[in-house]
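Peer 1: Contents are mmCIF, C-alpha atoms (C1' of nucleotides); file name protein_11.cif:
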```cif
data_coords
#
loop_
_atom_site.label_atom_id
_atom_site.label_comp_id
_atom_site.auth_asym_id
_atom_site.auth_seq_id
_atom_site.Cartn_x
_atom_site.Cartn_y
_atom_site.Cartn_z
CA MET A 5 187.49 61.92 -86.91
CA SER A 6 189.62 64.99 -86.30
CA LEU A 7 190.64 64.94 -82.66
CA LYS A 8 193.35 62.66 -84.00
CA HIS A 9 194.47 65.32 -86.43
CA ALA A 10 194.29 68.13 -83.92
CA ILE A 11 196.62 66.11 -81.69
CA LEU A 12 198.96 65.48 -84.63
CA VAL A 13 199.08 69.23 -85.26
CA LEU A 14 200.16 69.86 -81.67
CA LEU A 15 202.72 67.06 -81.66
CA GLU A 16 204.11 68.16 -85.01
CA ALA A 17 204.91 71.52 -83.43
CA GLU A 18 206.37 70.00 -80.25
CA GLU A 19 206.41 66.68 -78.41
CA GLY A 20 204.59 66.41 -75.12
CA SER A 21 202.60 64.37 -72.63
CA GLY A 22 198.82 63.97 -72.55
CA TYR A 23 198.64 66.62 -69.92
CA ASP A 24 200.82 68.97 -71.94
CA LEU A 25 198.48 68.49 -74.87
CA LEU A 26 195.46 69.23 -72.71
CA LYS A 27 197.05 72.52 -71.67
CA ARG A 28 198.01 73.34 -75.23
CA PHE A 29 194.49 72.64 -76.47
CA GLN A 30 193.22 75.12 -73.91
CA ALA A 31 195.88 77.73 -74.62
CA HIS A 32 196.21 77.59 -78.40
CA LEU A 33 193.30 75.77 -80.04
CA GLY A 34 190.69 76.29 -77.33
CA PHE A 35 188.31 78.45 -79.31
CA PHE A 36 188.19 76.21 -82.36
CA TRP A 37 188.96 72.79 -80.91
CA ASN A 38 188.07 71.39 -77.53
CA ALA A 39 188.95 68.05 -75.98
CA SER A 40 188.74 66.64 -72.47
CA HIS A 41 191.61 64.81 -70.80
CA GLN A 42 189.74 61.50 -71.09
CA GLN A 43 189.37 61.99 -74.82
CA ILE A 44 193.03 62.91 -75.21
CA TYR A 45 194.47 59.97 -73.23
CA LEU A 46 192.23 57.49 -75.03
CA GLU A 47 193.03 58.92 -78.43
CA LEU A 48 196.77 58.90 -77.71
CA LYS A 49 196.51 55.22 -76.89
CA LYS A 50 194.72 54.48 -80.16
CA MET A 51 197.13 56.62 -82.15
CA HIS A 52 200.08 54.81 -80.63
CA ALA A 53 198.51 51.49 -81.59
CA SER A 54 198.24 52.67 -85.20
CA GLU A 55 201.82 53.99 -85.09
CA LEU A 56 201.04 57.62 -85.78
CA ILE A 57 202.94 58.56 -82.63
CA ARG A 58 205.60 57.08 -80.34
CA PHE A 59 206.42 57.75 -76.70
CA GLN A 60 209.21 57.65 -74.15
CA THR A 61 208.48 57.08 -70.49
CA GLU A 62 210.17 59.42 -68.05
CA HIS A 63 210.59 57.88 -64.65
CA GLN A 64 210.49 60.69 -62.17
CA ALA A 65 211.53 60.06 -58.57
CA GLY A 66 208.36 59.91 -56.46
CA LYS A 67 206.07 61.46 -59.10
CA PRO A 68 203.97 59.31 -61.43
CA ASN A 69 205.59 58.42 -64.73
CA LYS A 70 205.20 60.84 -67.57
CA LYS A 71 204.83 59.65 -71.13
CA THR A 72 206.25 62.03 -73.69
CA TYR A 73 204.69 61.52 -77.10
CA SER A 74 206.12 62.56 -80.43
CA ILE A 75 204.90 62.28 -84.01
CA THR A 76 206.22 59.53 -86.32
CA GLU A 77 206.88 59.78 -90.06
CA LEU A 78 203.62 57.91 -90.61
CA GLY A 79 201.84 60.43 -88.40
CA ARG A 80 203.31 63.37 -90.23
CA ASP A 81 202.24 61.90 -93.58
CA ALA A 82 198.74 61.26 -92.28
CA LEU A 83 198.55 64.85 -91.02
CA ILE A 84 199.61 66.32 -94.35
CA ASP A 85 197.13 64.08 -96.20
CA TRP A 86 194.36 65.23 -93.91
CA ILE A 87 195.15 68.92 -94.28
CA GLN A 88 195.04 68.50 -98.06
CA SER A 89 191.76 66.59 -98.01
CA HIS A 90 188.36 68.21 -98.43
CA GLY A 91 186.40 68.00 -95.22
CA LYS A 92 182.67 68.42 -95.24
CA PRO A 93 181.34 71.61 -93.66
CA ASN A 94 181.00 71.69 -89.90
CA LYS A 95 177.87 70.42 -88.29
CA VAL A 96 176.34 73.15 -86.14
CA ASN A 97 174.20 72.52 -83.07
CA ASP A 98 173.51 75.54 -80.97
CA ALA A 99 171.16 75.10 -78.03
CA LEU A 100 170.94 78.82 -77.26
CA LEU A 101 169.34 79.52 -80.62
CA VAL A 102 166.88 76.65 -80.20
CA LYS A 103 165.86 78.18 -76.90
CA LEU A 104 165.42 81.60 -78.42
CA TYR A 105 163.47 80.19 -81.35
CA ALA A 106 160.89 78.82 -78.94
CA GLY A 107 161.34 81.67 -76.48
CA SER A 108 157.70 82.75 -76.60
CA LEU A 109 156.97 79.85 -74.24
CA VAL A 110 158.76 81.60 -71.38
CA GLU A 111 158.92 85.06 -69.84
CA PRO A 112 160.97 87.60 -71.82
CA GLU A 113 163.00 88.24 -68.64
CA THR A 114 164.20 84.64 -68.70
CA LEU A 115 165.52 85.11 -72.22
CA MET A 116 167.09 88.41 -71.27
CA THR A 117 168.95 86.85 -68.34
CA GLU A 118 170.30 84.05 -70.50
CA LEU A 119 171.36 86.59 -73.11
CA GLN A 120 173.18 88.75 -70.57
CA LEU A 121 175.08 85.72 -69.35
CA HIS A 122 176.02 84.81 -72.90
CA LYS A 123 177.14 88.37 -73.59
CA LYS A 124 179.30 88.42 -70.49
CA ASN A 125 181.01 85.16 -71.47
CA GLN A 126 181.64 86.30 -75.02
CA THR A 127 183.02 89.65 -73.87
CA LYS A 128 185.46 87.98 -71.54
CA ILE A 129 186.77 85.67 -74.23
CA LEU A 130 186.99 88.54 -76.73
CA GLU A 131 189.17 90.49 -74.31
CA THR A 132 191.56 87.56 -74.02
CA PHE A 133 191.71 87.30 -77.80
CA LYS A 134 192.42 91.00 -78.21
CA GLN A 135 195.26 90.78 -75.75
CA LEU A 136 196.76 87.90 -77.71
CA GLU A 137 196.33 89.95 -80.86
CA GLN A 138 198.22 92.86 -79.35
CA GLU A 139 201.07 90.56 -78.39
CA TYR A 140 201.30 89.40 -82.01
CA LEU A 141 201.04 92.88 -83.47
CA ASN A 142 203.81 94.14 -81.20
CA LEU A 143 206.25 91.60 -82.59
CA ALA A 144 208.91 92.73 -85.04
CA GLU A 145 208.02 91.85 -88.66
CA THR A 146 210.68 89.14 -88.74
CA ASP A 147 209.32 87.46 -85.61
CA LYS A 148 205.75 87.42 -86.93
CA GLN A 149 206.52 84.99 -89.74
CA PRO A 150 205.99 81.69 -87.84
CA TYR A 151 202.74 82.91 -86.27
CA ARG A 152 201.02 84.22 -89.40
CA LEU A 153 198.66 81.30 -89.80
CA PRO A 154 197.85 80.85 -86.10
CA TYR A 155 197.20 84.61 -86.05
CA LEU A 156 194.61 84.18 -88.79
CA THR A 157 192.79 81.62 -86.66
CA LEU A 158 192.88 84.15 -83.82
CA ARG A 159 191.35 86.73 -86.17
CA ARG A 160 188.56 84.25 -86.80
CA GLY A 161 187.94 84.02 -83.06
CA ILE A 162 187.83 87.80 -82.73
CA ILE A 163 185.42 88.23 -85.63
CA GLU A 164 183.24 85.45 -84.24
CA LYS A 165 182.98 86.95 -80.77
CA GLU A 166 182.35 90.43 -82.16
CA GLY A 167 179.56 88.96 -84.27
CA TRP A 168 177.96 87.36 -81.22
CA LEU A 169 178.08 90.66 -79.35
CA GLN A 170 176.62 92.60 -82.27
CA TRP A 171 173.81 90.06 -82.45
CA ALA A 172 173.22 90.12 -78.70
CA ASP A 173 172.71 93.88 -78.93
CA GLU A 174 170.14 93.41 -81.68
CA VAL A 175 168.29 90.83 -79.61
CA GLU A 176 168.35 93.05 -76.55
CA THR A 177 166.86 95.95 -78.47
CA GLU A 178 164.16 93.71 -79.87
CA LEU A 179 163.29 92.15 -76.51
CA ARG A 180 163.09 95.61 -74.91
CA THR A 181 160.89 97.20 -77.57
CA HIS A 182 158.44 94.41 -78.30
CA ASP A 183 156.35 91.95 -76.41
CA THR A 184 157.38 88.50 -77.56
CA LYS A 185 155.08 86.38 -75.46
CA MET B 15 170.99 66.14 -74.71
CA SER B 16 169.20 68.64 -76.89
CA LEU B 17 168.07 66.85 -80.01
CA LYS B 18 165.17 65.86 -77.80
CA HIS B 19 164.42 69.49 -77.05
CA ALA B 20 164.83 70.62 -80.62
CA ILE B 21 162.21 68.02 -81.60
CA LEU B 22 159.92 69.21 -78.81
CA VAL B 23 160.23 72.77 -80.14
CA LEU B 24 159.10 71.63 -83.58
CA LEU B 25 156.25 69.49 -82.26
CA GLU B 26 155.11 72.28 -79.96
CA ALA B 27 154.64 74.46 -83.00
CA GLU B 28 152.93 71.75 -85.04
CA GLU B 29 152.45 67.99 -84.97
CA GLY B 30 154.12 65.91 -87.64
CA SER B 31 155.80 62.68 -88.72
CA GLY B 32 159.49 61.88 -88.50
CA TYR B 33 159.87 62.83 -92.11
CA ASP B 34 158.02 66.12 -91.57
CA LEU B 35 160.42 66.89 -88.73
CA LEU B 36 163.42 66.11 -90.90
CA LYS B 37 162.16 68.60 -93.48
CA ARG B 38 161.41 71.19 -90.81
CA PHE B 39 164.88 70.81 -89.33
CA GLN B 40 166.32 71.52 -92.75
CA ALA B 41 163.99 74.41 -93.50
CA HIS B 42 163.78 76.21 -90.17
CA LEU B 43 166.53 75.14 -87.77
CA GLY B 44 169.07 73.97 -90.31
CA PHE B 45 171.74 76.55 -89.62
CA PHE B 46 171.71 76.13 -85.86
CA TRP B 47 170.53 72.55 -85.42
CA ASN B 48 171.16 69.54 -87.62
CA ALA B 49 169.89 66.01 -87.32
CA SER B 50 169.85 63.02 -89.66
CA HIS B 51 166.74 60.94 -90.29
CA GLN B 52 168.25 58.03 -88.34
CA GLN B 53 168.76 60.25 -85.33
CA ILE B 54 165.24 61.64 -85.54
CA TYR B 55 163.42 58.31 -85.85
CA LEU B 56 165.41 56.80 -82.99
CA GLU B 57 164.90 59.82 -80.76
CA LEU B 58 161.15 59.86 -81.47
CA LYS B 59 160.96 56.26 -80.35
CA LYS B 60 162.76 57.04 -77.09
CA MET B 61 160.68 60.14 -76.51
CA HIS B 62 157.51 58.18 -76.99
CA ALA B 63 158.73 55.62 -74.46
CA SER B 64 159.24 58.38 -71.92
CA GLU B 65 155.83 59.88 -72.76
CA LEU B 66 157.04 63.26 -73.94
CA ILE B 67 155.15 62.70 -77.19
CA ARG B 68 152.27 60.58 -78.50
CA PHE B 69 151.40 59.46 -82.02
CA GLN B 70 148.54 58.42 -84.24
CA THR B 71 149.06 56.01 -87.09
CA GLU B 72 147.54 57.02 -90.40
CA HIS B 73 146.82 54.05 -92.58
CA GLN B 74 147.14 55.20 -96.14
CA ALA B 75 145.90 52.96 -98.95
CA GLY B 76 148.94 51.45 -100.64
CA LYS B 77 151.50 53.84 -99.08
CA PRO B 78 153.42 52.91 -95.96
CA ASN B 79 151.87 53.97 -92.68
CA LYS B 80 152.60 57.43 -91.42
CA LYS B 81 152.99 58.14 -87.71
CA THR B 82 151.92 61.61 -86.74
CA TYR B 83 153.56 62.69 -83.49
CA SER B 84 152.35 65.42 -81.17
CA ILE B 85 153.64 66.81 -77.89
CA THR B 86 152.11 65.74 -74.55
CA GLU B 87 151.61 67.90 -71.47
CA LEU B 88 154.65 66.22 -69.98
CA GLY B 89 156.63 67.08 -73.10
CA ARG B 90 155.55 70.69 -73.01
CA ASP B 91 156.56 70.99 -69.36
CA ALA B 92 159.93 69.39 -70.07
CA LEU B 93 160.47 71.82 -72.93
CA ILE B 94 159.69 74.87 -70.83
CA ASP B 95 161.96 73.61 -68.03
CA TRP B 96 164.76 73.15 -70.52
CA ILE B 97 164.38 76.61 -72.06
CA GLN B 98 164.57 78.11 -68.59
CA SER B 99 167.63 76.10 -67.59
CA HIS B 100 171.19 77.36 -67.96
CA GLY B 101 173.02 75.39 -70.59
CA LYS B 102 176.77 75.36 -70.70
CA PRO B 103 178.36 77.18 -73.61
CA ASN B 104 178.59 75.33 -76.90
CA LYS B 105 181.53 73.11 -77.58
CA VAL B 106 183.26 74.26 -80.73
CA ASN B 107 185.24 71.96 -83.02
CA ASP B 108 186.19 73.44 -86.35
CA ALA B 109 188.41 71.35 -88.58
CA LEU B 110 189.01 74.12 -91.12
CA LEU B 111 190.78 76.24 -88.50
CA VAL B 112 192.88 73.30 -87.35
CA LYS B 113 193.98 72.86 -90.95
CA LEU B 114 194.82 76.52 -91.35
CA TYR B 115 196.69 76.57 -88.03
CA ALA B 116 199.03 73.90 -89.36
CA GLY B 117 198.83 75.17 -92.93
CA SER B 118 202.57 75.76 -93.25
CA LEU B 119 202.91 72.01 -93.81
CA VAL B 120 201.24 72.26 -97.24
CA GLU B 121 201.40 74.48 -100.30
CA PRO B 122 199.68 77.88 -99.92
CA GLU B 123 197.64 77.04 -103.05
CA THR B 124 196.06 74.12 -101.23
CA LEU B 125 194.90 76.42 -98.46
CA MET B 126 193.66 78.93 -100.97
CA THR B 127 191.57 76.31 -102.79
CA GLU B 128 190.00 75.13 -99.54
CA LEU B 129 189.29 78.72 -98.59
CA GLN B 130 187.63 79.49 -101.92
CA LEU B 131 185.39 76.48 -101.52
CA HIS B 132 184.46 77.57 -98.02
CA LYS B 133 183.72 81.09 -99.22
CA LYS B 134 181.50 79.80 -102.00
CA ASN B 135 179.49 77.67 -99.57
CA GLN B 136 179.08 80.48 -97.07
CA THR B 137 178.01 82.93 -99.79
CA LYS B 138 175.35 80.57 -101.04
CA ILE B 139 173.89 80.07 -97.58
CA LEU B 140 174.04 83.81 -96.87
CA GLU B 141 172.00 84.49 -100.00
CA THR B 142 169.31 82.06 -98.85
CA PHE B 143 169.24 83.76 -95.46
CA LYS B 144 168.92 87.22 -96.99
CA GLN B 145 166.00 86.08 -99.06
CA LEU B 146 164.27 84.75 -95.97
CA GLU B 147 165.01 88.04 -94.26
CA GLN B 148 163.38 89.97 -97.09
CA GLU B 149 160.28 87.83 -96.83
CA TYR B 150 160.04 88.66 -93.14
CA LEU B 151 160.71 92.35 -93.61
CA ASN B 152 158.02 92.57 -96.29
CA LEU B 153 155.37 91.34 -93.87
CA ALA B 154 152.93 93.83 -92.39
CA GLU B 155 153.82 94.80 -88.81
CA THR B 156 150.90 92.80 -87.44
CA ASP B 157 151.97 89.65 -89.28
CA LYS B 158 155.55 89.91 -88.02
CA GLN B 159 154.63 89.31 -84.37
CA PRO B 160 154.74 85.48 -84.33
CA TYR B 161 158.06 85.39 -86.22
CA ARG B 162 159.99 87.91 -84.14
CA LEU B 163 162.04 85.34 -82.25
CA PRO B 164 162.69 83.03 -85.21
CA TYR B 165 163.73 86.16 -87.11
CA LEU B 166 166.34 86.90 -84.47
CA THR B 167 167.82 83.45 -84.98
CA LEU B 168 167.93 84.21 -88.70
CA ARG B 169 169.78 87.43 -87.93
CA ARG B 170 172.32 85.33 -86.06
CA GLY B 171 172.79 83.20 -89.16
CA ILE B 172 173.28 86.28 -91.33
CA ILE B 173 175.81 87.84 -88.98
CA GLU B 174 177.65 84.54 -88.73
CA LYS B 175 177.97 84.07 -92.48
CA GLU B 176 178.99 87.71 -93.00
CA GLY B 177 181.67 87.19 -90.35
CA TRP B 178 183.01 84.14 -92.15
CA LEU B 179 183.18 86.04 -95.42
CA GLN B 180 184.92 89.03 -93.84
CA TRP B 181 187.45 86.65 -92.32
CA ALA B 182 187.94 84.75 -95.58
CA ASP B 183 188.85 88.05 -97.27
CA GLU B 184 191.43 88.76 -94.57
CA VAL B 185 192.93 85.31 -95.02
CA GLU B 186 193.01 85.70 -98.80
CA THR B 187 194.87 89.00 -98.54
CA GLU B 188 197.36 87.50 -96.12
CA LEU B 189 197.96 84.38 -98.21
CA ARG B 190 198.49 86.54 -101.31
CA THR B 191 200.91 89.00 -99.75
CA HIS B 192 203.08 86.71 -97.65
CA ASP B 193 204.86 83.46 -97.99
CA THR B 194 203.53 81.16 -95.29
CA LYS B 195 205.53 78.05 -95.99
"C1'" DT C 14 197.45 72.20 -40.34
"C1'" DC C 15 194.05 71.40 -43.47
"C1'" DA C 16 191.98 72.17 -47.76
"C1'" DT C 17 192.37 73.24 -52.46
"C1'" DA C 18 194.38 73.53 -56.96
"C1'" DA C 19 197.53 71.91 -60.20
"C1'" DT C 20 200.09 68.07 -62.08
"C1'" DA C 21 199.58 63.49 -64.17
"C1'" DT C 22 197.22 59.33 -65.86
"C1'" DG C 23 193.71 56.08 -66.81
"C1'" DC C 24 189.22 52.74 -66.94
"C1'" DA C 25 184.25 51.82 -67.48
"C1'" DA C 26 179.60 52.87 -68.39
"C1'" DA C 27 176.34 55.58 -70.57
"C1'" DC C 28 175.01 58.39 -74.02
"C1'" DT C 29 175.01 60.43 -78.74
"C1'" DA C 30 176.06 60.39 -83.60
"C1'" DT C 31 177.47 58.32 -88.00
"C1'" DT C 32 177.52 54.90 -91.55
"C1'" DG C 33 175.68 51.27 -93.94
"C1'" DC C 34 171.96 48.59 -94.94
"C1'" DA C 35 167.01 47.66 -95.98
"C1'" DT C 36 162.31 48.39 -97.87
"C1'" DA C 37 158.37 50.37 -100.56
"C1'" DT C 38 155.58 53.94 -103.14
"C1'" DT C 39 154.81 57.94 -106.16
"C1'" DA C 40 155.98 61.56 -109.31
"C1'" DA C 41 158.83 63.67 -112.55
"C1'" DA C 42 162.39 63.81 -115.79
"C1'" DA C 43 165.43 61.78 -119.28
"C1'" DT D 28 160.28 53.45 -120.55
"C1'" DT D 29 163.64 53.55 -117.35
"C1'" DT D 30 165.93 55.96 -113.99
"C1'" DT D 31 166.13 59.33 -110.46
"C1'" DA D 32 164.33 62.07 -106.71
"C1'" DA D 33 161.21 62.55 -103.12
"C1'" DT D 34 158.31 60.45 -99.65
"C1'" DA D 35 158.42 57.45 -95.59
"C1'" DT D 36 160.36 54.41 -92.01
"C1'" DG D 37 163.53 51.69 -89.50
"C1'" DC D 38 167.64 48.40 -87.61
"C1'" DA D 39 172.49 47.31 -86.56
"C1'" DA D 40 177.25 48.18 -86.09
"C1'" DT D 41 180.65 51.31 -85.32
"C1'" DA D 42 182.58 55.58 -83.79
"C1'" DG D 43 182.95 59.34 -80.79
"C1'" DT D 44 181.87 62.00 -76.43
"C1'" DT D 45 180.58 62.67 -71.68
"C1'" DT D 46 180.27 61.46 -66.92
"C1'" DG D 47 181.75 59.22 -63.01
"C1'" DC D 48 185.19 57.02 -60.73
"C1'" DA D 49 190.04 56.16 -59.26
"C1'" DT D 50 194.81 57.20 -57.81
"C1'" DA D 51 198.99 59.83 -56.30
"C1'" DT D 52 202.18 63.87 -55.67
"C1'" DT D 53 203.44 68.75 -55.00
"C1'" DA D 54 202.66 73.50 -54.02
"C1'" DT D 55 199.96 77.24 -52.28
"C1'" DG D 56 196.88 79.59 -49.46
"C1'" DA D 57 193.63 79.93 -45.50
#
```
Mind turning the file's structure into structure tokens?

Peer 2:
Amino acid sequence: MSLKHAILVLLEAEEGSGYDLLKRFQAHLGFFWNASHQQIYLELKKMHASELIRFQTEHQAGKPNKKTYSITELGRDALIDWIQSHGKPNKVNDALLVKLYAGSLVEPETLMTELQLHKKNQTKILETFKQLEQEYLNLAETDKQPYRLPYLTLRRGIIEKEGWLQWADEVETELRTHDTK
Amino acid sequence: MSLKHAILVLLEAEEGSGYDLLKRFQAHLGFFWNASHQQIYLELKKMHASELIRFQTEHQAGKPNKKTYSITELGRDALIDWIQSHGKPNKVNDALLVKLYAGSLVEPETLMTELQLHKKNQTKILETFKQLEQEYLNLAETDKQPYRLPYLTLRRGIIEKEGWLQWADEVETELRTHDTK
DNA sequence: TCATAATATGCAAACTATTGCATATTAAAA
DNA sequence: TTTTAATATGCAATAGTTTGCATATTATGA
């Protein structure tokens, strides 16, 4: 169960509401951790019950109340324990590859279309990543320090997307030069 | 829901029992689709109820009965429909990157140990993949035909593992040359 | 002015996956 | 000879995720 720990990571860096966390997931952890708002609100509730986090309610005139969560000592300890623990390797389930594996059941054009779409998506994300990378690289050496580790996770994202694009090119070439059906 | 479709892919290629499917998942789809035996047996039951598959019971003297499943027309149609449908992009959740992101909370040595373990695992899998690749490449051109698409999924596995190793080297260099805590 | 998007939170039902338990045979290794 | 691994199947409880619904405000654009 690691959504819990991903939330602890975000709250350790800065307190925030469920909605803040949703936005931060999308902005900072999006390519290696995803969570919906329903998951986040439910998990926050559970984590509060087990005293990993606390919250303060902000009454805002007119607007709905906003709960600002922050990490407790217990939460911080649990986070450090988890980071130091050995997790088992990630379980991978990739529907696109299953489709390709059995692709001889459909027209090659169908596969090609799906591949183009995939390529377009990956390219778009890669561009975003490269922009973020430039922002980091443009920082003065002294300012880089706190972002070194997050930058390494960004590097992972860049390498991953580049790998997908390299592969997509290989598949394209193969689909164009051979009859697969 | 794609475990269903992954099973249909395997049964479309060849009939088999739940245990056969478990072994085939491990041998052929393992790096892009994983399923436990509990998942498989339960899913087969559901799929039989919805008539995507049928089975014949083999009574074996002494041994427990073996159910051999095969795909029905309905199942084959459902599979083709699914392959032609647009799936949404994969949801990614990678605990190792979450740990690294917040790695400044622990000793750099802890991160390094985890990274070494990861590298070792990825290297081992990559070697297996490269062996499989050699087997394919050694086939005569005419024999390659039916494996072209599965080979492309293997290429994806190889590129993925190489990407992880390239990244792990970058992280190692960074952890060695800078203080992250 | 009306519609849409963003902010902000949450419940309930359905679905999917994991963990633990349970059983029984055969073959190979210690 | 005893234990372990592989073959072979399955249930039940728990955990985790997705989908659909529900509400309410503010700001922006058509």

Peer 1: Counting all atoms listed in the file, a student should be able to say which residues of chain C come within 9 Å of chain A; what is the right answer, written as a ChimeraX atom specification?

Peer 2: /C:20-23

Peer 1: Mind pulling up the distance from CA of Lys123 (chain A) to CA of Arg28 (chain A)?

Peer 2: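 Separation between CA of Arg28 (chain A) and CA of Lys123 (chain A): 25.8 Å.
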
Peer 1: Might you spell out which residues the PyMOL selection byres ((chain B and resi 66) around 10) would select in the displayed file, as a list of chain:residue names?

Peer 2: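 This file, filtered by the PyMOL selection byres ((chain B and resi 66) around 10), leaves B:Lys18, B:Leu22, B:Leu58, B:Lys60, B:Met61, B:His62, B:Ala63, B:Ser64, B:Glu65, B:Ile67, B:Arg68, B:Ser84, B:Ile85, B:Thr86, B:Glu87, B:Leu88, B:Gly89, B:Arg90, B:Asp91, B:Ala92, B:Leu93.
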
Peer 1: Could you spell out the hits of the PyMOL selection byres ((chain A) within 6 of (chain B)) on the shown file, as an MDAnalysis selection string?

Peer 2: chainID A and resid 36:37 87 96:98 103 105 153:154

Peer 1: Report as CSV: every residue of chain D with an atom at most 9 Å from chain B, its closest pair of atoms, and their distance in Å to one decimal, counting all atoms listed in the file, with rows sorted by chain and ascending residue number.

Peer 2:
```
residue,atom,partner,partner_atom,distance
D:DT34,C1',B:Tyr33,CA,8.1
D:DA35,C1',B:Tyr33,CA,6.6
D:DT36,C1',B:Tyr55,CA,7.9
D:DG37,C1',B:Tyr55,CA,7.6
```

Peer 1: Would you pick out the contacts of region 28-32 of chain C at 8 Å or less, using only C-alpha atoms (C1' of nucleotides), so that residues sharing its chain but fewer than 5 positions from it are not included, and give the list as a list in words?

Peer 2: Gln53 of chain B; DT41, DA42, DG43, DT44 and DT45 of chain D

Peer 1: Just how far from CA of Ala31 (chain A) is CA of Glu139 (chain A), in Å to one decimal?

Peer 2: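 Calculated distance between CA of Glu139 (chain A) and CA of Ala31 (chain A) is 14.3 Å.
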
Peer 1: Figure out the distance between CA of Ser40 (chain A) and CA of Tyr73 (chain A), please, to one decimal in Å.

Peer 2: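 Atom-to-atom, CA of Tyr73 (chain A) and CA of Ser40 (chain A) are spaced 17.4 Å apart.
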
Peer 1: Take every atom of region 154-167 of chain A listed in the file, pad by 4 Å on each side, and give me the axis-aligned box centre and edge lengths in Å, one decimal, as AutoDock Vina command-line options.

Peer 2:
```
--center_x 188.7 --center_y 85.6 --center_z -84.8 --size_x 26.3 --size_y 17.6 --size_z 16.0
```

Peer 1: Taking the file as I've supplied it (selection: the PyMOL selection byres ((chain C and resi 35) around 12)), which residues are included? Please answer as a list in words.

Peer 2: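 This file, filtered by the PyMOL selection byres ((chain C and resi 35) around 12), leaves DG33, DC34, DT36 and DA37 of chain C; DT36, DG37, DC38 and DA39 of chain D.
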